[in-house]
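So this one's protein-v4.cif, mmCIF, C-alpha atoms:
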```cif
data_structure
loop_
_atom_site.label_atom_id
_atom_site.label_comp_id
_atom_site.auth_asym_id
_atom_site.auth_seq_id
_atom_site.Cartn_x
_atom_site.Cartn_y
_atom_site.Cartn_z
CA MET A 1 189.44 56.22 -129.58
CA ASN A 2 190.82 59.62 -128.76
CA GLN A 3 188.16 61.09 -126.50
CA SER A 4 189.84 64.43 -125.97
CA GLN A 5 189.30 65.48 -129.61
CA PHE A 6 185.54 65.37 -128.88
CA ARG A 7 185.59 67.53 -125.76
CA GLY A 8 185.73 71.26 -125.21
CA THR A 9 186.58 73.23 -122.08
CA PHE A 10 185.84 76.64 -120.61
CA ARG A 11 186.75 78.47 -117.42
CA PRO A 12 183.66 79.86 -115.71
CA TYR A 13 183.73 83.03 -113.63
CA VAL A 14 184.47 82.24 -109.99
CA SER A 15 183.12 84.45 -107.23
CA PRO A 16 184.51 84.45 -103.68
CA ARG A 17 180.84 84.14 -102.65
CA ASP A 18 180.28 80.81 -104.51
CA PRO A 19 179.10 78.35 -101.84
CA CYS A 20 180.31 75.10 -103.49
CA PRO A 21 184.05 74.51 -104.00
CA PRO A 22 184.58 75.97 -107.48
CA ILE A 23 185.45 73.81 -110.46
CA LEU A 24 187.91 76.00 -112.33
CA GLU A 25 187.64 74.31 -115.69
CA LYS A 26 184.43 72.79 -117.10
CA THR A 27 184.39 70.20 -119.87
CA PHE A 28 181.62 69.65 -122.41
CA VAL A 29 181.03 67.26 -125.28
CA LEU A 30 181.65 68.09 -128.94
CA PRO A 31 180.38 64.84 -130.51
CA PRO A 32 182.04 63.45 -133.67
CA GLN A 33 179.06 64.12 -135.98
CA LEU A 34 179.59 67.88 -135.51
CA PHE A 35 182.72 67.61 -137.64
CA THR A 36 181.21 65.56 -140.48
CA ASN A 37 178.28 66.89 -142.47
CA PHE A 38 178.28 63.76 -144.62
CA GLN A 39 179.94 60.44 -143.83
CA LYS A 40 182.66 59.58 -146.39
CA PRO A 41 182.44 56.15 -148.07
CA GLY A 42 184.88 53.42 -147.09
CA LEU A 43 185.65 54.43 -143.49
CA PRO A 44 187.35 51.78 -141.30
CA GLN A 45 184.80 49.50 -139.66
CA ASN A 46 184.45 47.62 -136.38
CA SER A 47 183.91 43.86 -136.33
CA PRO A 48 180.24 42.95 -135.69
CA GLU A 49 181.14 42.07 -132.09
CA GLU A 50 182.94 45.35 -131.50
CA ALA A 51 180.24 47.32 -133.36
CA LEU A 52 177.48 46.16 -131.01
CA LYS A 53 179.70 46.77 -128.00
CA GLN A 54 180.59 50.32 -129.06
CA GLY A 55 177.20 51.23 -130.52
CA SER A 56 178.43 51.90 -134.06
CA LEU A 57 179.92 50.11 -137.03
CA TRP A 58 182.32 53.03 -137.50
CA PRO A 59 184.78 53.79 -134.67
CA GLN A 60 185.16 57.32 -136.02
CA PHE A 61 181.70 58.24 -134.65
CA VAL A 62 182.18 56.72 -131.21
CA ASP A 63 183.32 59.20 -128.58
CA GLY A 64 182.97 56.92 -125.56
CA PHE A 65 181.46 58.88 -122.68
CA TYR A 66 182.39 57.53 -119.24
CA ARG A 67 181.43 58.63 -115.76
CA GLU A 68 185.11 58.55 -114.79
CA GLU A 69 185.98 61.43 -117.12
CA GLY A 70 184.06 63.57 -114.65
CA ILE A 71 182.19 65.96 -116.93
CA SER A 72 179.47 66.64 -114.36
CA MET B 1 153.01 47.13 -140.48
CA TRP B 2 155.58 45.91 -137.97
CA VAL B 3 156.64 42.39 -137.02
CA TYR B 4 157.67 41.77 -133.43
CA GLU B 5 161.16 40.39 -132.84
CA LYS B 6 161.45 38.37 -129.66
CA LYS B 7 164.86 39.82 -128.79
CA LEU B 8 166.34 43.10 -127.65
CA LEU B 9 168.46 45.28 -129.95
CA TYR B 10 171.28 45.01 -127.38
CA PRO B 11 171.81 42.43 -124.60
CA VAL B 12 170.77 44.31 -121.46
CA GLU B 13 172.10 42.99 -118.17
CA VAL B 14 170.91 44.58 -114.92
CA THR B 15 172.96 43.74 -111.83
CA THR B 16 171.19 45.47 -108.93
CA CYS B 17 167.70 45.80 -107.42
CA ASN B 18 167.69 49.57 -107.68
CA PRO B 19 164.34 51.38 -107.88
CA MET B 20 165.99 54.80 -107.51
CA LEU B 21 167.90 54.26 -110.76
CA ALA B 22 164.66 53.02 -112.39
CA LYS B 23 163.03 56.32 -111.48
CA TYR B 24 165.84 58.25 -113.17
CA LEU B 25 165.67 56.08 -116.30
CA MET B 26 162.01 57.07 -116.73
CA GLU B 27 163.32 60.36 -118.12
CA GLN B 28 164.34 58.49 -121.26
CA TYR B 29 161.23 56.28 -121.18
CA GLY B 30 158.44 58.85 -121.01
CA GLY B 31 160.28 62.18 -120.86
CA ALA B 32 160.42 65.08 -123.32
CA ASP B 33 163.62 63.91 -125.02
CA GLY B 34 163.01 60.23 -124.38
CA GLU B 35 162.68 57.28 -126.69
CA LEU B 36 158.87 57.31 -126.89
CA ALA B 37 158.90 60.96 -127.94
CA ALA B 38 161.64 60.22 -130.49
CA ALA B 39 159.87 57.24 -132.02
CA LEU B 40 156.54 59.07 -132.28
CA ARG B 41 158.14 62.28 -133.58
CA TYR B 42 159.88 60.63 -136.55
CA MET B 43 157.05 58.22 -137.30
CA ASN B 44 154.67 61.15 -137.58
CA GLN B 45 156.93 63.46 -139.59
CA ARG B 46 157.75 60.86 -142.24
CA TYR B 47 154.46 61.27 -144.11
CA THR B 48 155.18 64.80 -145.30
CA VAL B 49 158.95 64.94 -145.80
CA PRO B 50 160.53 64.67 -149.29
CA ASP B 51 160.79 61.06 -150.50
CA LYS B 52 164.59 61.03 -150.19
CA VAL B 53 164.47 61.23 -146.39
CA ILE B 54 161.45 59.02 -145.64
CA GLY B 55 163.72 55.99 -145.20
CA VAL B 56 165.84 57.68 -142.54
CA LEU B 57 162.79 58.75 -140.51
CA THR B 58 161.11 55.35 -140.80
CA ASP B 59 164.23 53.36 -139.89
CA ILE B 60 165.34 55.61 -137.03
CA SER B 61 161.81 55.66 -135.62
CA THR B 62 161.73 51.87 -135.70
CA GLU B 63 165.08 51.72 -133.92
CA GLU B 64 163.81 54.13 -131.25
CA PHE B 65 161.06 51.66 -130.40
CA SER B 66 163.75 49.05 -129.79
CA HIS B 67 165.50 51.56 -127.51
CA LEU B 68 162.20 52.08 -125.67
CA GLU B 69 162.06 48.33 -125.10
CA MET B 70 165.61 48.38 -123.69
CA LEU B 71 164.64 51.15 -121.26
CA ALA B 72 161.51 49.24 -120.27
CA THR B 73 163.64 46.15 -119.64
CA MET B 74 165.98 48.09 -117.36
CA ILE B 75 163.14 49.75 -115.42
CA TYR B 76 161.31 46.42 -115.13
CA LYS B 77 164.40 44.58 -113.84
CA LEU B 78 165.45 47.35 -111.44
CA THR B 79 162.03 47.35 -109.74
CA LYS B 80 160.78 43.77 -110.31
CA ASP B 81 160.84 42.42 -106.77
CA ALA B 82 161.27 45.67 -104.88
CA THR B 83 159.05 46.05 -101.81
CA PRO B 84 156.69 49.02 -101.41
CA GLU B 85 159.10 50.28 -98.72
CA GLN B 86 162.02 50.16 -101.15
CA LEU B 87 159.95 51.92 -103.81
CA GLU B 88 158.91 54.60 -101.34
CA LYS B 89 162.50 55.17 -100.25
CA ALA B 90 163.46 55.58 -103.91
CA GLY B 91 160.84 58.30 -104.40
CA LEU B 92 158.46 55.95 -106.21
CA GLY B 93 155.78 55.88 -103.48
CA ALA B 94 153.41 58.04 -105.49
CA HIS B 95 154.10 55.95 -108.58
CA PHE B 96 153.37 52.78 -106.61
CA VAL B 97 149.99 53.85 -105.26
CA ASN B 98 148.84 54.76 -108.77
CA HIS B 99 150.55 52.09 -110.88
CA GLY B 100 151.72 49.30 -108.57
CA HIS B 101 154.76 47.61 -110.09
CA SER B 102 153.71 48.48 -113.63
CA LEU B 103 155.57 50.87 -115.90
CA PHE B 104 154.10 54.18 -116.99
CA TYR B 105 155.01 56.75 -119.63
CA GLU B 106 156.21 59.50 -117.35
CA ASN B 107 159.48 61.32 -116.77
CA ALA B 108 161.84 61.06 -113.79
CA GLY B 109 159.77 63.67 -111.96
CA GLY B 110 156.56 61.68 -112.46
CA VAL B 111 155.09 64.03 -115.11
CA PRO B 112 153.02 61.97 -117.58
CA PHE B 113 153.96 61.84 -121.25
CA THR B 114 152.31 64.40 -123.51
CA ALA B 115 152.19 64.84 -127.30
CA THR B 116 153.38 68.42 -126.75
CA TYR B 117 156.89 66.95 -126.35
CA ILE B 118 157.01 66.47 -130.11
CA GLN B 119 156.73 68.90 -133.00
CA SER B 120 155.59 68.52 -136.56
CA LYS B 121 155.91 71.61 -138.67
CA GLY B 122 155.44 70.19 -142.17
CA ASP B 123 158.57 72.06 -143.23
CA PRO B 124 161.40 69.59 -143.95
CA ILE B 125 164.21 71.79 -142.62
CA ALA B 126 162.32 72.84 -139.49
CA ASP B 127 161.46 69.19 -138.82
CA LEU B 128 164.98 67.83 -139.45
CA TYR B 129 166.57 70.53 -137.27
CA GLU B 130 164.13 69.57 -134.51
CA ASP B 131 165.21 65.95 -134.98
CA ILE B 132 168.92 66.80 -134.77
CA ALA B 133 168.24 68.82 -131.61
CA ALA B 134 166.22 65.92 -130.17
CA GLU B 135 169.12 63.51 -130.75
CA GLU B 136 171.63 65.86 -129.10
CA LYS B 137 169.29 66.37 -126.11
CA ALA B 138 168.83 62.62 -125.76
CA ARG B 139 172.62 62.19 -125.94
CA ALA B 140 173.06 64.74 -123.14
CA THR B 141 170.38 63.04 -121.02
CA TYR B 142 172.23 59.74 -121.41
CA GLN B 143 175.41 61.47 -120.22
CA TRP B 144 173.75 62.57 -117.00
CA LEU B 145 172.18 59.13 -116.54
CA ILE B 146 175.61 57.50 -117.02
CA ASP B 147 177.02 59.94 -114.44
CA ILE B 148 174.35 59.01 -111.87
CA SER B 149 174.10 55.25 -112.57
CA ASP B 150 175.73 52.90 -110.07
CA ASP B 151 174.73 49.70 -111.88
CA PRO B 152 177.47 48.48 -114.25
CA GLY B 153 175.04 46.61 -116.52
CA VAL B 154 172.75 49.61 -116.87
CA SER B 155 175.71 51.93 -117.51
CA ASP B 156 176.88 49.62 -120.28
CA ALA B 157 173.48 49.69 -122.02
CA LEU B 158 173.25 53.48 -121.54
CA ARG B 159 176.62 53.95 -123.26
CA PHE B 160 175.35 51.95 -126.24
CA LEU B 161 172.17 54.05 -126.41
CA ARG B 162 174.16 57.28 -126.16
CA GLU B 163 176.37 56.36 -129.11
CA ARG B 164 173.27 55.55 -131.18
CA GLU B 165 172.15 59.16 -130.74
CA ASN B 166 175.43 60.26 -132.36
CA ILE B 167 174.72 58.12 -135.43
CA HIS B 168 171.09 59.24 -135.66
CA SER B 169 172.16 62.87 -135.40
CA LEU B 170 174.66 62.25 -138.22
CA ARG B 171 171.99 60.68 -140.46
CA PHE B 172 169.63 63.64 -139.88
CA ARG B 173 172.47 66.06 -140.67
CA GLU B 174 173.09 64.11 -143.90
CA SER B 175 169.37 64.34 -144.68
CA VAL B 176 169.63 68.13 -144.49
CA GLU B 177 172.60 68.00 -146.91
CA ILE B 178 170.57 65.81 -149.28
CA LEU B 179 167.76 68.38 -149.31
CA LYS B 180 170.24 71.22 -149.88
CA GLU B 181 171.22 69.50 -153.14
CA GLU B 182 167.71 70.18 -154.42
CA ARG B 183 168.54 73.87 -154.77
CA ASP B 184 168.54 75.12 -158.34
CA ARG B 185 167.17 71.83 -159.59
CA LYS B 186 164.51 73.77 -161.54
CA LYS B 187 167.21 75.59 -163.52
CA ILE B 188 168.58 72.34 -164.90
CA PHE B 189 165.39 71.59 -166.84
CA MET C 1 178.22 26.11 -120.40
CA ASN C 2 174.64 25.70 -119.12
CA PRO C 3 171.85 25.78 -121.73
CA GLN C 4 170.63 29.23 -120.66
CA GLU C 5 174.11 30.72 -121.02
CA GLU C 6 174.53 28.97 -124.36
CA GLU C 7 171.27 30.47 -125.61
CA TRP C 8 172.30 33.93 -124.35
CA GLN C 9 175.62 33.68 -126.25
CA LEU C 10 173.99 32.48 -129.47
CA LEU C 11 171.35 35.20 -129.21
CA LYS C 12 174.16 37.72 -128.82
CA LYS C 13 175.57 36.52 -132.17
CA VAL C 14 172.16 37.24 -133.73
CA GLN C 15 172.14 40.68 -132.10
CA GLN C 16 175.62 41.41 -133.46
CA ALA C 17 174.75 40.31 -137.00
CA ASP C 18 171.44 42.20 -136.94
CA PHE C 19 173.13 45.33 -135.65
CA VAL C 20 175.42 45.45 -138.69
CA VAL C 21 172.28 45.37 -140.85
CA VAL C 22 170.71 48.21 -138.80
CA GLU C 23 173.83 50.35 -139.27
CA LEU C 24 174.21 49.66 -142.99
CA THR C 25 170.49 50.24 -143.61
CA LEU C 26 170.71 53.74 -142.08
CA TYR C 27 173.94 54.40 -143.99
CA THR C 28 172.52 53.33 -147.35
CA ASP C 29 169.39 55.44 -146.68
CA THR C 30 171.58 58.53 -147.01
CA HIS C 31 174.18 57.00 -149.39
CA PRO C 32 172.06 55.37 -152.11
CA ASN C 33 174.90 55.59 -154.66
CA ASP C 34 177.60 53.89 -152.55
CA MET C 35 177.58 50.58 -154.45
CA GLU C 36 180.24 49.02 -152.25
CA ALA C 37 178.12 49.71 -149.16
CA ILE C 38 175.01 48.35 -150.84
CA GLN C 39 176.91 45.15 -151.65
CA GLN C 40 178.10 44.90 -148.03
CA TRP C 41 174.55 45.52 -146.84
CA ARG C 42 173.27 42.60 -148.97
CA GLU C 43 175.99 40.35 -147.58
CA ALA C 44 175.21 41.49 -144.03
CA ILE C 45 171.56 40.52 -144.47
CA LYS C 46 172.62 37.08 -145.73
CA GLU C 47 174.98 36.63 -142.79
CA ALA C 48 172.32 37.75 -140.28
CA ALA C 49 169.85 35.26 -141.78
CA LYS C 50 172.43 32.49 -141.45
CA VAL C 51 173.17 33.22 -137.78
CA ARG C 52 169.44 33.57 -137.11
CA ARG C 53 168.76 30.12 -138.61
CA GLN C 54 171.42 28.64 -136.28
CA TYR C 55 169.69 30.13 -133.26
CA GLU C 56 166.13 29.43 -134.35
CA SER C 57 166.69 25.79 -135.29
CA ARG C 58 167.59 25.12 -131.65
CA PHE C 59 165.61 27.64 -129.66
CA GLY C 60 162.64 28.49 -131.86
CA PRO C 61 161.65 31.46 -134.05
CA LEU C 62 162.48 35.01 -133.00
CA SER C 63 159.67 36.34 -135.15
CA LEU C 64 156.66 34.97 -136.98
CA LEU C 65 158.47 35.40 -140.28
CA SER C 66 160.51 32.26 -139.51
CA VAL C 67 159.22 28.72 -139.91
CA PRO C 68 159.38 26.87 -136.56
CA SER C 69 161.83 23.93 -136.83
CA THR C 70 160.54 20.44 -135.97
CA GLN C 71 163.26 20.35 -133.28
CA ALA C 72 161.82 23.46 -131.66
CA ILE C 73 158.26 22.08 -131.78
CA GLU C 74 159.45 18.75 -130.34
CA VAL C 75 161.02 20.41 -127.30
CA GLY C 76 157.71 22.19 -126.67
CA TRP C 77 158.46 25.64 -128.10
CA HIS C 78 155.48 28.00 -128.43
CA TRP C 79 155.50 31.60 -129.63
CA ASN C 80 154.16 32.43 -126.18
CA SER C 81 156.99 30.59 -124.38
CA THR C 82 159.04 32.45 -121.79
CA PRO C 83 161.39 34.17 -121.52
CA TRP C 84 160.26 37.32 -123.28
CA PRO C 85 163.10 39.70 -124.09
CA TRP C 86 162.76 41.78 -120.91
CA GLN C 87 162.59 38.65 -118.72
CA ARG C 88 165.92 37.11 -119.75
#
```
Can the structure from this file be put into structure tokens for me?
Amino acid sequence: MNQSQFRGTFRPYVSPRDPCPPILEKTFVLPPQLFTNFQKPGLPQNSPEEALKQGSLWPQFVDGFYREEGIS
Amino acid sequence: MWVYEKKLLYPVEVTTCNPMLAKYLMEQYGGADGELAAALRYMNQRYTVPDKVIGVLTDISTEEFSHLEMLATMIYKLTKDATPEQLEKAGLGAHFVNHGHSLFYENAGGVPFTATYIQSKGDPIADLYEDIAAEEKARATYQWLIDISDDPGVSDALRFLRERENIHSLRFRESVEILKEERDRKKIF
Amino acid sequence: MNPQEEEWQLLKKVQQADFVVVELTLYTDTHPNDMEAIQQWREAIKEAAKVRRQYESRFGPLSLLSVPSTQAIEVGWHWNSTPWPWQR
């Protein structure tokens, strides 16, 4: 899974009067379904075990959000 | 009708006694973009949408009820043997005096569930766009819950639930595409 | 493996097989002309029923659509037996 293809970034305005240490670049999620209006037939599939673990039969629609990527 | 299955959709394992996390999870139990709202929204809209998308609404609604049961399981386990003192420390003192150890359909801030969380416009596109928005909002809520959760078992179940929102959003987007194909159908006759 | 762990693992197999059916049902809802997927969906239902029978013959029905096995009745299984899903 290549997470980075499902993330966007922007650089918010930073004021010298911001009280919290500024985060210069913010990341947000662009989930896989945004790029597919209609699922194509015959996409590669997960095994049943992997499907339940990932939350989908099709790895293409799994973007794997983790706390460690530090979006918030 | 529905037949009860004596199993969860996904094997939920909770590792900590953690009433504070339970309180946060209530956002997806009885909150505006939570699983109860989702299940009721789709189950209600399905009666007046075009036949081609009734299956999607029925099946996703049914799955949302199984998500609701997963949330209930997590909240139940996280608070099961917590003392009133622990509940109070976690911000659940007011919940405790009203509800004891029982669950209630309310959000993380203690606001009770209301039907005004859901919409039903009787216009297929308006309804499906609301459904897509609901799935994306639920996905975002799961992100913030994953970011605040310190229980590995709960985080694991939340990641599963978050990915389901992606698939549901995709199926609703496909439903819109299916309805777009109806354009100009009259001309063909 | 203790019996509780064994039951948990076998139930997980049911959950995995059922999940494939859930996914393919939603997919075929919006892809009614994908014959290959419809064939896979039929096979997935058969497979899920097979795994379910393995679980239920030992630990009792998961729903009232299944016939309780004599083995399950003999070991004292009731519909109302614990654990319920949230208690496991």
Can you tell me, as a CSV table (one decimal) with C-alpha atoms, in the frame of the given file, what residues are no more than 6 Å from region 11-18 of chain B when counting all atoms listed in the file, ignoring any on the same chain fewer than 6 positions away?
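Saved result, selection_19.csv, follows:
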```csv
chain,number,residue,atom,x,y,z
B,78,LEU,CA,165.4,47.4,-111.4
B,153,GLY,CA,175.0,46.6,-116.5
B,154,VAL,CA,172.8,49.6,-116.9
```
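For the pair CA of Asp34 (chain C) and CA of Asn166 (chain B), the separation is 21.3 Å.
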The PyMOL selection byres ((chain C) within 7 of (chain B)) resolved against shown file, as an NGL selection string: :C and (12 or 15 or 26 or 29-30 or 62-63 or 84-86)
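Relative to CA of Asp33 (chain B), CA of Asp127 (chain B) is found at 14.9 Å.
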Pick from A:Phe38, A:Pro44, A:Trp58, A:Arg11, whichever lies nearest to chain B using only C-alpha atoms: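 For chain B, the nearest of the given residues is A:Phe38.
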At most 12 Å to chain C: residues in chain A, all atoms listed in the file, as an MDAnalysis selection string: chainID A and resid 37:43 45:58
Store the residues picked out above, limited to C-alpha atoms, as a PDB file, in the frame of the given file.
```pdb
ATOM      1  CA  ASN A  37     178.280  66.890-142.470  1.00  0.00           C
ATOM      2  CA  PHE A  38     178.280  63.760-144.620  1.00  0.00           C
ATOM      3  CA  GLN A  39     179.940  60.440-143.830  1.00  0.00           C
ATOM      4  CA  LYS A  40     182.660  59.580-146.390  1.00  0.00           C
ATOM      5  CA  PRO A  41     182.440  56.150-148.070  1.00  0.00           C
ATOM      6  CA  GLY A  42     184.880  53.420-147.090  1.00  0.00           C
ATOM      7  CA  LEU A  43     185.650  54.430-143.490  1.00  0.00           C
ATOM      8  CA  GLN A  45     184.800  49.500-139.660  1.00  0.00           C
ATOM      9  CA  ASN A  46     184.450  47.620-136.380  1.00  0.00           C
ATOM     10  CA  SER A  47     183.910  43.860-136.330  1.00  0.00           C
ATOM     11  CA  PRO A  48     180.240  42.950-135.690  1.00  0.00           C
ATOM     12  CA  GLU A  49     181.140  42.070-132.090  1.00  0.00           C
ATOM     13  CA  GLU A  50     182.940  45.350-131.500  1.00  0.00           C
ATOM     14  CA  ALA A  51     180.240  47.320-133.360  1.00  0.00           C
ATOM     15  CA  LEU A  52     177.480  46.160-131.010  1.00  0.00           C
ATOM     16  CA  LYS A  53     179.700  46.770-128.000  1.00  0.00           C
ATOM     17  CA  GLN A  54     180.590  50.320-129.060  1.00  0.00           C
ATOM     18  CA  GLY A  55     177.200  51.230-130.520  1.00  0.00           C
ATOM     19  CA  SER A  56     178.430  51.900-134.060  1.00  0.00           C
ATOM     20  CA  LEU A  57     179.920  50.110-137.030  1.00  0.00           C
ATOM     21  CA  TRP A  58     182.320  53.030-137.500  1.00  0.00           C
TER      22      TRP A  58
END
```
Straight-line distance linking CA of Ala39 (chain B) with CA of Gly100 (chain B), stated in Å to one decimal: 26.1 Å
Residue list as an NGL selection string for point (188.1, 64.3, -130.8), cut-off 8 Å, all atoms listed in the file: :A and (2-7 or 30-32 or 63)
Deliver the residues from the most recent selection as a file, using C-alpha atoms, as a PDB file, keeping the file's coordinate frame.
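Listing of result_11.pdb after writing:
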```
ATOM      1  CA  ASN A   2     190.820  59.620-128.760  1.00  0.00           C
ATOM      2  CA  GLN A   3     188.160  61.090-126.500  1.00  0.00           C
ATOM      3  CA  SER A   4     189.840  64.430-125.970  1.00  0.00           C
ATOM      4  CA  GLN A   5     189.300  65.480-129.610  1.00  0.00           C
ATOM      5  CA  PHE A   6     185.540  65.370-128.880  1.00  0.00           C
ATOM      6  CA  ARG A   7     185.590  67.530-125.760  1.00  0.00           C
ATOM      7  CA  LEU A  30     181.650  68.090-128.940  1.00  0.00           C
ATOM      8  CA  PRO A  31     180.380  64.840-130.510  1.00  0.00           C
ATOM      9  CA  PRO A  32     182.040  63.450-133.670  1.00  0.00           C
ATOM     10  CA  ASP A  63     183.320  59.200-128.580  1.00  0.00           C
TER      11      ASP A  63
END
```
Selection result for the PyMOL selection byres ((chain B and resi 92) around 12) on this file, as a VMD selection string: chain B and resid 18 to 24 26 79 82 to 91 93 to 104 106 to 110
